[in-house]
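Structure below is structure32.csv: CSV, C-alpha atoms.
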```csv
chain,number,residue,atom,x,y,z
A,261,MET,CA,100.7,150.7,131.7
A,262,PRO,CA,100.5,150.9,127.9
A,263,ASN,CA,100.2,147.7,125.9
A,264,ILE,CA,103.5,148.0,124.1
A,265,ILE,CA,102.8,145.3,121.5
A,266,GLU,CA,99.6,147.1,120.4
A,267,LEU,CA,101.6,150.3,120.0
A,268,VAL,CA,104.3,148.5,118.0
A,269,LYS,CA,101.6,146.9,115.8
A,270,GLU,CA,100.0,150.3,115.2
A,271,LYS,CA,103.4,151.8,114.3
A,272,PHE,CA,104.0,149.2,111.7
A,273,GLU,CA,100.5,149.4,110.2
A,274,ASN,CA,100.8,153.1,109.8
A,275,ALA,CA,104.5,153.4,108.7
A,276,ARG,CA,104.9,154.0,105.0
A,277,ILE,CA,108.2,152.3,104.9
A,278,PHE,CA,106.7,148.9,106.0
A,279,ASP,CA,103.9,147.2,104.1
A,280,ASN,CA,102.6,143.7,103.5
A,281,ASP,CA,102.3,144.6,99.8
A,282,GLU,CA,105.8,144.3,98.3
A,283,ASN,CA,104.9,146.6,95.4
A,284,ASN,CA,104.4,149.5,97.9
A,285,ALA,CA,106.9,148.7,100.6
A,286,ILE,CA,110.5,149.7,101.1
A,287,VAL,CA,110.7,147.0,103.7
A,288,PRO,CA,108.0,144.3,103.1
A,289,ILE,CA,106.8,142.5,106.3
A,290,ASN,CA,104.4,139.8,107.2
A,291,PHE,CA,103.4,139.8,110.9
A,292,ASP,CA,101.1,138.2,113.3
A,293,ILE,CA,100.7,140.2,116.5
A,294,ASP,CA,99.0,138.7,119.6
A,295,ASN,CA,98.0,141.7,121.8
A,296,ALA,CA,98.6,139.6,125.0
A,297,SER,CA,102.2,138.8,124.0
A,298,LYS,CA,105.3,140.1,125.7
A,299,ILE,CA,107.7,138.7,123.2
A,300,LEU,CA,108.1,139.4,119.5
A,301,PHE,CA,110.2,137.2,117.2
A,302,VAL,CA,111.6,138.9,114.1
A,303,VAL,CA,113.2,136.8,111.3
A,304,GLY,CA,114.3,137.4,107.8
A,305,SER,CA,117.4,137.4,105.5
A,306,ASN,CA,120.4,139.6,106.0
A,307,ALA,CA,119.9,143.2,105.1
A,308,SER,CA,116.1,142.7,105.0
A,309,GLY,CA,115.3,145.4,107.6
A,310,LYS,CA,115.2,143.3,110.8
A,311,SER,CA,117.4,145.7,112.8
A,312,LEU,CA,115.3,148.6,111.6
A,313,VAL,CA,112.3,146.8,113.2
A,314,GLY,CA,114.3,146.8,116.5
A,315,ARG,CA,115.0,150.5,116.1
A,316,ILE,CA,111.2,151.2,115.6
A,317,VAL,CA,110.4,149.3,118.7
A,318,GLU,CA,113.0,151.4,120.6
A,319,LEU,CA,111.3,154.5,119.2
A,320,VAL,CA,107.9,153.4,120.5
A,321,ALA,CA,109.5,152.8,124.0
A,322,SER,CA,111.0,156.3,123.9
A,323,GLU,CA,107.7,157.9,122.8
A,324,GLU,CA,106.0,156.1,125.8
A,325,GLU,CA,108.9,157.1,128.1
A,326,LEU,CA,109.5,153.5,128.9
A,327,PRO,CA,112.9,152.1,129.9
A,328,LYS,CA,114.6,150.4,127.0
A,329,ARG,CA,117.7,148.3,126.5
A,330,SER,CA,119.3,147.0,123.4
A,331,CYS,CA,121.8,144.3,122.8
A,332,SER,CA,123.1,144.4,119.3
A,333,MET,CA,126.3,143.7,117.4
A,334,ARG,CA,127.7,147.1,118.0
A,335,ASN,CA,128.0,146.5,121.7
A,336,ARG,CA,129.2,142.8,121.6
A,337,THR,CA,132.1,142.5,119.2
A,338,SER,CA,134.9,144.0,121.2
A,339,GLY,CA,137.0,142.9,124.1
A,340,ASP,CA,139.0,139.8,125.0
A,341,SER,CA,136.1,137.4,125.0
A,342,SER,CA,134.7,135.5,122.1
A,343,THR,CA,131.7,137.0,120.2
A,344,GLY,CA,129.6,134.1,121.3
A,345,GLU,CA,130.5,134.6,125.0
A,346,ASN,CA,129.8,138.3,124.6
A,347,SER,CA,126.4,137.5,123.0
A,348,VAL,CA,125.3,135.3,125.8
A,349,HIS,CA,126.6,137.6,128.5
A,350,ALA,CA,124.9,140.7,127.0
A,351,SER,CA,121.6,138.8,126.4
A,352,VAL,CA,121.5,137.3,130.0
A,353,ILE,CA,122.4,140.7,131.6
A,354,GLY,CA,119.8,142.4,129.3
A,355,LEU,CA,117.1,140.0,130.3
A,356,LYS,CA,118.0,140.2,134.0
A,357,SER,CA,118.0,144.0,133.9
A,358,THR,CA,114.6,144.1,132.1
A,359,VAL,CA,113.0,141.8,134.6
A,360,GLU,CA,114.4,143.7,137.5
A,361,SER,CA,113.1,147.0,136.3
A,362,LYS,CA,109.4,145.9,136.9
A,363,ASN,CA,108.1,148.8,134.9
A,364,SER,CA,107.3,147.7,131.4
A,365,ALA,CA,110.9,147.9,130.1
A,366,VAL,CA,111.6,147.0,126.5
A,367,LEU,CA,114.5,144.9,125.5
A,368,VAL,CA,115.7,144.4,121.9
A,369,LEU,CA,118.0,141.4,121.4
A,370,ASP,CA,119.4,141.9,117.9
A,371,GLU,CA,121.0,138.6,116.9
A,372,PRO,CA,121.6,137.4,120.4
A,373,ASP,CA,122.9,134.1,119.1
A,374,LEU,CA,125.8,135.7,117.1
A,375,GLY,CA,128.8,133.6,117.4
A,376,LEU,CA,127.0,130.6,119.0
A,377,ALA,CA,126.9,127.0,117.9
A,378,ASP,CA,123.4,125.6,117.3
A,379,GLU,CA,123.2,123.9,120.7
A,380,TYR,CA,124.0,127.1,122.5
A,381,SER,CA,121.6,129.0,120.3
A,382,ALA,CA,118.9,126.6,121.4
A,383,ALA,CA,119.9,126.9,125.1
A,384,LEU,CA,119.7,130.7,124.8
A,385,GLY,CA,116.2,130.3,123.2
A,386,GLN,CA,115.1,128.2,126.2
A,387,HIS,CA,116.5,130.7,128.6
A,388,ILE,CA,114.7,133.6,126.9
A,389,ALA,CA,111.4,131.6,127.0
A,390,LYS,CA,111.9,130.7,130.6
A,391,THR,CA,112.4,134.4,131.5
A,392,VAL,CA,109.3,135.4,129.6
A,393,ASN,CA,107.2,132.6,131.1
A,394,GLU,CA,108.3,133.5,134.6
A,395,ASN,CA,107.9,137.2,134.3
A,396,HIS,CA,105.1,137.7,131.8
A,397,GLU,CA,102.9,139.9,134.0
A,398,THR,CA,105.6,142.5,134.6
A,399,LEU,CA,107.4,142.5,131.3
A,400,GLY,CA,107.0,145.3,128.8
A,401,LEU,CA,108.3,143.7,125.6
A,402,ILE,CA,111.2,141.5,124.5
A,403,VAL,CA,112.1,141.6,120.8
A,404,VAL,CA,114.3,138.8,119.5
A,405,ILE,CA,115.8,139.4,116.1
A,406,THR,CA,117.5,136.4,114.7
A,407,HIS,CA,118.3,134.1,111.8
A,408,SER,CA,118.5,131.0,114.0
A,409,HIS,CA,116.0,128.3,113.6
A,410,LYS,CA,117.4,126.6,116.6
A,411,LEU,CA,116.9,129.6,118.9
A,412,ILE,CA,113.4,130.2,117.6
A,413,ASP,CA,112.3,126.5,117.7
A,414,ALA,CA,113.7,126.1,121.3
A,415,ALA,CA,112.1,129.3,122.5
A,416,ILE,CA,108.7,128.6,121.0
A,417,SER,CA,108.7,125.0,122.3
A,418,GLU,CA,109.3,126.3,125.9
A,419,LEU,CA,106.9,129.3,125.8
A,420,THR,CA,103.7,128.9,127.8
A,421,VAL,CA,102.4,132.4,127.1
A,422,PRO,CA,101.3,134.1,123.8
A,423,PHE,CA,103.9,135.4,121.4
A,424,SER,CA,104.0,137.6,118.3
A,425,LYS,CA,106.0,136.9,115.2
A,426,MET,CA,107.2,138.8,112.1
A,427,HIS,CA,109.0,137.9,108.9
A,428,VAL,CA,110.8,140.8,107.2
A,429,GLY,CA,111.9,141.1,103.6
A,430,ASP,CA,109.3,139.1,101.8
A,431,ALA,CA,105.6,139.9,102.4
A,432,HIS,CA,104.6,136.6,100.8
A,433,VAL,CA,106.5,134.5,103.4
A,434,SER,CA,105.0,134.2,106.8
A,435,PHE,CA,107.0,133.6,110.0
A,436,ASP,CA,105.6,130.0,110.1
A,437,GLU,CA,106.6,129.4,106.4
A,438,TRP,CA,110.1,130.7,107.2
A,439,ARG,CA,110.3,128.3,110.2
A,440,ALA,CA,109.2,125.3,108.1
A,441,ARG,CA,111.9,125.9,105.6
A,442,PRO,CA,114.8,123.4,105.9
A,443,PHE,CA,117.5,124.6,108.1
A,444,LYS,CA,120.8,125.0,106.3
A,445,ALA,CA,123.9,124.9,108.4
A,446,ALA,CA,126.6,127.4,107.4
```
Here is a file; write its structure as structure tokens.
Amino acid sequence: MPNIIELVKEKFENARIFDNDENNAIVPINFDIDNASKILFVVGSNASGKSLVGRIVELVASEEELPKRSCSMRNRTSGDSSTGENSVHASVIGLKSTVESKNSAVLVLDEPDLGLADEYSAALGQHIAKTVNENHETLGLIVVITHSHKLIDAAISELTVPFSKMHVGDAHVSFDEWRARPFKAA
């Protein structure tokens, strides 16, 4: 079974589009990868390249012939339900399907908190963390791409296993510095 997070790290270190030197990068990144982790949190401003990170992870999964799932805005904004309800449903089903596959599946949750109030974002973060904690040995990789401090803080406070983190859009700002910034409600 390949170590997916190591393959993802290698892809970012070797990709010319990404760099931790803003003068050389099209998409500047700052990341901290723990090779034992099965979850990667990706944060950054709108249009900073976060969704591109998700696509790169999906590419790594395809290259390794691993099952992959993706929950993004393009498959959650239609139908009769609210966007928030669709987001939770897609995220929960994606997590369940990834856990049930038992063969290093990769799941990219691109803004899983879209349309959710802060308290529901936090609850979703807790659910994601619980899923990772309980299934760490069999998971491939779960990537959570978000703007939500509430989701991130809740997930990290519940995690009992290693995690990786990435800030996209400003190589001089780490994930932890982004997290420490005051949360501004919309």
Could you check which of A:His396, A:Val428, A:Asp378, A:Ala415 is closest to Val313 in chain A, using all atoms listed in the file?
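Among the listed residues, the smallest separation from Val313 in chain A belongs to A:Val428.
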Given all atoms listed in the file as the counted atoms, nearest of A:Glu394, A:Glu371, A:Glu360, A:Glu323 to Asn346 in chain A:
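Going through A:Glu394, A:Glu371, A:Glu360, A:Glu323 one by one, the smallest distance to Asn346 in chain A is for A:Glu371.
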Residue with the minimum atom-to-atom distance to Ala389 in chain A, picked from A:Pro422, A:Gly309, A:Gly314, A:Gly304 with only C-alpha atoms counted, is A:Pro422
Got a sec to check which residues sit within 7 Å of (114.1, 145.4, 102.8), counting all atoms listed in the file, and write them as a short mmCIF file (atom, residue, chain, number, x, y, z; two decimals) with C-alpha atoms, keeping the file's coordinate frame?
```cif
data_model
loop_
_atom_site.label_atom_id
_atom_site.label_comp_id
_atom_site.auth_asym_id
_atom_site.auth_seq_id
_atom_site.Cartn_x
_atom_site.Cartn_y
_atom_site.Cartn_z
CA ILE A 286 110.50 149.70 101.10
CA VAL A 287 110.70 147.00 103.70
CA PRO A 288 108.00 144.30 103.10
CA ALA A 307 119.90 143.20 105.10
CA SER A 308 116.10 142.70 105.00
CA GLY A 309 115.30 145.40 107.60
CA GLY A 429 111.90 141.10 103.60
#
```
Please indicate the distance in Å from CA of Leu369 in chain A to CA of Ser311 in chain A, rounded to one decimal place.
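CA of Ser311 in chain A lies 9.6 Å from CA of Leu369 in chain A.
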Please, what distance in Å, to one decimal, runs between CA of Lys390 in chain A and CA of Ala365 in chain A?
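Taking CA of Lys390 in chain A as the start and CA of Ala365 in chain A as the end point, the length is 17.2 Å.
If all atoms listed in the file are the atoms counted, then among A:Asn295, A:Thr391, A:Ser330, A:Asn290 the closest residue to Glu266 in chain A is A:Asn295.
With only C-alpha atoms as the atoms that count, the residue of A:Ser434, A:Ser417, A:Asn363, A:Thr406 with the shortest distance to His387 in chain A is A:Ser417.
Nearest residue to His407 in chain A among A:Val352, A:Leu419, A:Val320, A:Leu376 is A:Leu376, counting only C-alpha atoms.
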Find the spatial neighbours of Val433 in chain A, counting all atoms listed in the file, within a cut-off of 12 Å - ignore same-chain residues fewer than 5 positions away - and output them as a ChimeraX atom specification.
/A:280-282,288-292,303-305,426-428,438-441
Separating CA of Ala296 in chain A from CA of Thr420 in chain A, to the nearest tenth of an Å, is a gap of 12.2 Å
For the point (127.5, 131.1, 124.6) in the file's frame, write as an mmCIF file with C-alpha atoms, keeping the file's coordinate frame all residues with an atom no more than 8 Å away, counting all atoms listed in the file.
```
data_model
loop_
_atom_site.group_PDB
_atom_site.id
_atom_site.type_symbol
_atom_site.label_atom_id
_atom_site.label_comp_id
_atom_site.auth_asym_id
_atom_site.auth_seq_id
_atom_site.Cartn_x
_atom_site.Cartn_y
_atom_site.Cartn_z
ATOM 1 C CA GLY A 344 129.600 134.100 121.300
ATOM 2 C CA GLU A 345 130.500 134.600 125.000
ATOM 3 C CA ASN A 346 129.800 138.300 124.600
ATOM 4 C CA SER A 347 126.400 137.500 123.000
ATOM 5 C CA VAL A 348 125.300 135.300 125.800
ATOM 6 C CA HIS A 349 126.600 137.600 128.500
ATOM 7 C CA ASP A 373 122.900 134.100 119.100
ATOM 8 C CA GLY A 375 128.800 133.600 117.400
ATOM 9 C CA LEU A 376 127.000 130.600 119.000
ATOM 10 C CA ALA A 377 126.900 127.000 117.900
ATOM 11 C CA TYR A 380 124.000 127.100 122.500
ATOM 12 C CA SER A 381 121.600 129.000 120.300
ATOM 13 C CA LEU A 384 119.700 130.700 124.800
#
```
Write out as a CSV table (one decimal) with C-alpha atoms, in the frame of the given file which residues come within 12 Å of Asp294 in chain A when counting all atoms listed in the file, dropping same-chain ones fewer than 6 positions away.
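Result saved to part-v8.csv:
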```
chain,number,residue,atom,x,y,z
A,263,ASN,CA,100.2,147.7,125.9
A,264,ILE,CA,103.5,148.0,124.1
A,265,ILE,CA,102.8,145.3,121.5
A,266,GLU,CA,99.6,147.1,120.4
A,267,LEU,CA,101.6,150.3,120.0
A,268,VAL,CA,104.3,148.5,118.0
A,269,LYS,CA,101.6,146.9,115.8
A,300,LEU,CA,108.1,139.4,119.5
A,301,PHE,CA,110.2,137.2,117.2
A,421,VAL,CA,102.4,132.4,127.1
A,422,PRO,CA,101.3,134.1,123.8
A,423,PHE,CA,103.9,135.4,121.4
A,424,SER,CA,104.0,137.6,118.3
A,425,LYS,CA,106.0,136.9,115.2
A,426,MET,CA,107.2,138.8,112.1
```
Kindly output range 294-305 of chain A as an mmCIF file, in the frame of the given file, after building N, CA, C and O atoms.
```cif
data_model
loop_
_atom_site.group_PDB
_atom_site.id
_atom_site.type_symbol
_atom_site.label_atom_id
_atom_site.label_comp_id
_atom_site.auth_asym_id
_atom_site.auth_seq_id
_atom_site.Cartn_x
_atom_site.Cartn_y
_atom_site.Cartn_z
ATOM 1 N N ASP A 294 99.926 139.106 118.582
ATOM 2 C CA ASP A 294 99.000 138.700 119.600
ATOM 3 C C ASP A 294 99.044 139.813 120.684
ATOM 4 O O ASP A 294 100.099 140.033 121.289
ATOM 5 N N ASN A 295 97.948 140.524 120.906
ATOM 6 C CA ASN A 295 98.000 141.700 121.800
ATOM 7 C C ASN A 295 98.280 141.303 123.265
ATOM 8 O O ASN A 295 98.597 142.181 124.061
ATOM 9 N N ALA A 296 98.243 140.032 123.607
ATOM 10 C CA ALA A 296 98.600 139.600 125.000
ATOM 11 C C ALA A 296 100.062 139.226 125.094
ATOM 12 O O ALA A 296 100.528 138.917 126.180
ATOM 13 N N SER A 297 100.786 139.264 123.986
ATOM 14 C CA SER A 297 102.200 138.800 124.000
ATOM 15 C C SER A 297 103.128 139.823 124.613
ATOM 16 O O SER A 297 102.899 141.025 124.535
ATOM 17 N N LYS A 298 104.211 139.307 125.165
ATOM 18 C CA LYS A 298 105.300 140.100 125.700
ATOM 19 C C LYS A 298 106.609 139.821 125.023
ATOM 20 O O LYS A 298 107.659 140.270 125.452
ATOM 21 N N ILE A 299 106.528 139.018 123.948
ATOM 22 C CA ILE A 299 107.700 138.700 123.200
ATOM 23 C C ILE A 299 107.365 138.711 121.702
ATOM 24 O O ILE A 299 106.304 138.242 121.299
ATOM 25 N N LEU A 300 108.255 139.306 120.921
ATOM 26 C CA LEU A 300 108.100 139.400 119.500
ATOM 27 C C LEU A 300 109.336 138.802 118.833
ATOM 28 O O LEU A 300 110.451 139.243 119.099
ATOM 29 N N PHE A 301 109.143 137.780 118.005
ATOM 30 C CA PHE A 301 110.200 137.200 117.200
ATOM 31 C C PHE A 301 110.254 137.817 115.856
ATOM 32 O O PHE A 301 109.222 137.893 115.194
ATOM 33 N N VAL A 302 111.433 138.252 115.419
ATOM 34 C CA VAL A 302 111.600 138.900 114.100
ATOM 35 C C VAL A 302 112.655 138.082 113.335
ATOM 36 O O VAL A 302 113.787 137.934 113.813
ATOM 37 N N VAL A 303 112.271 137.577 112.160
ATOM 38 C CA VAL A 303 113.200 136.800 111.300
ATOM 39 C C VAL A 303 113.204 137.375 109.917
ATOM 40 O O VAL A 303 112.301 138.111 109.522
ATOM 41 N N GLY A 304 114.218 136.988 109.162
ATOM 42 C CA GLY A 304 114.300 137.400 107.800
ATOM 43 C C GLY A 304 115.791 137.296 107.335
ATOM 44 O O GLY A 304 116.687 137.018 108.138
ATOM 45 N N SER A 305 116.017 137.530 106.069
ATOM 46 C CA SER A 305 117.400 137.400 105.500
ATOM 47 C C SER A 305 118.224 138.604 105.959
ATOM 48 O O SER A 305 117.720 139.612 106.452
#
```
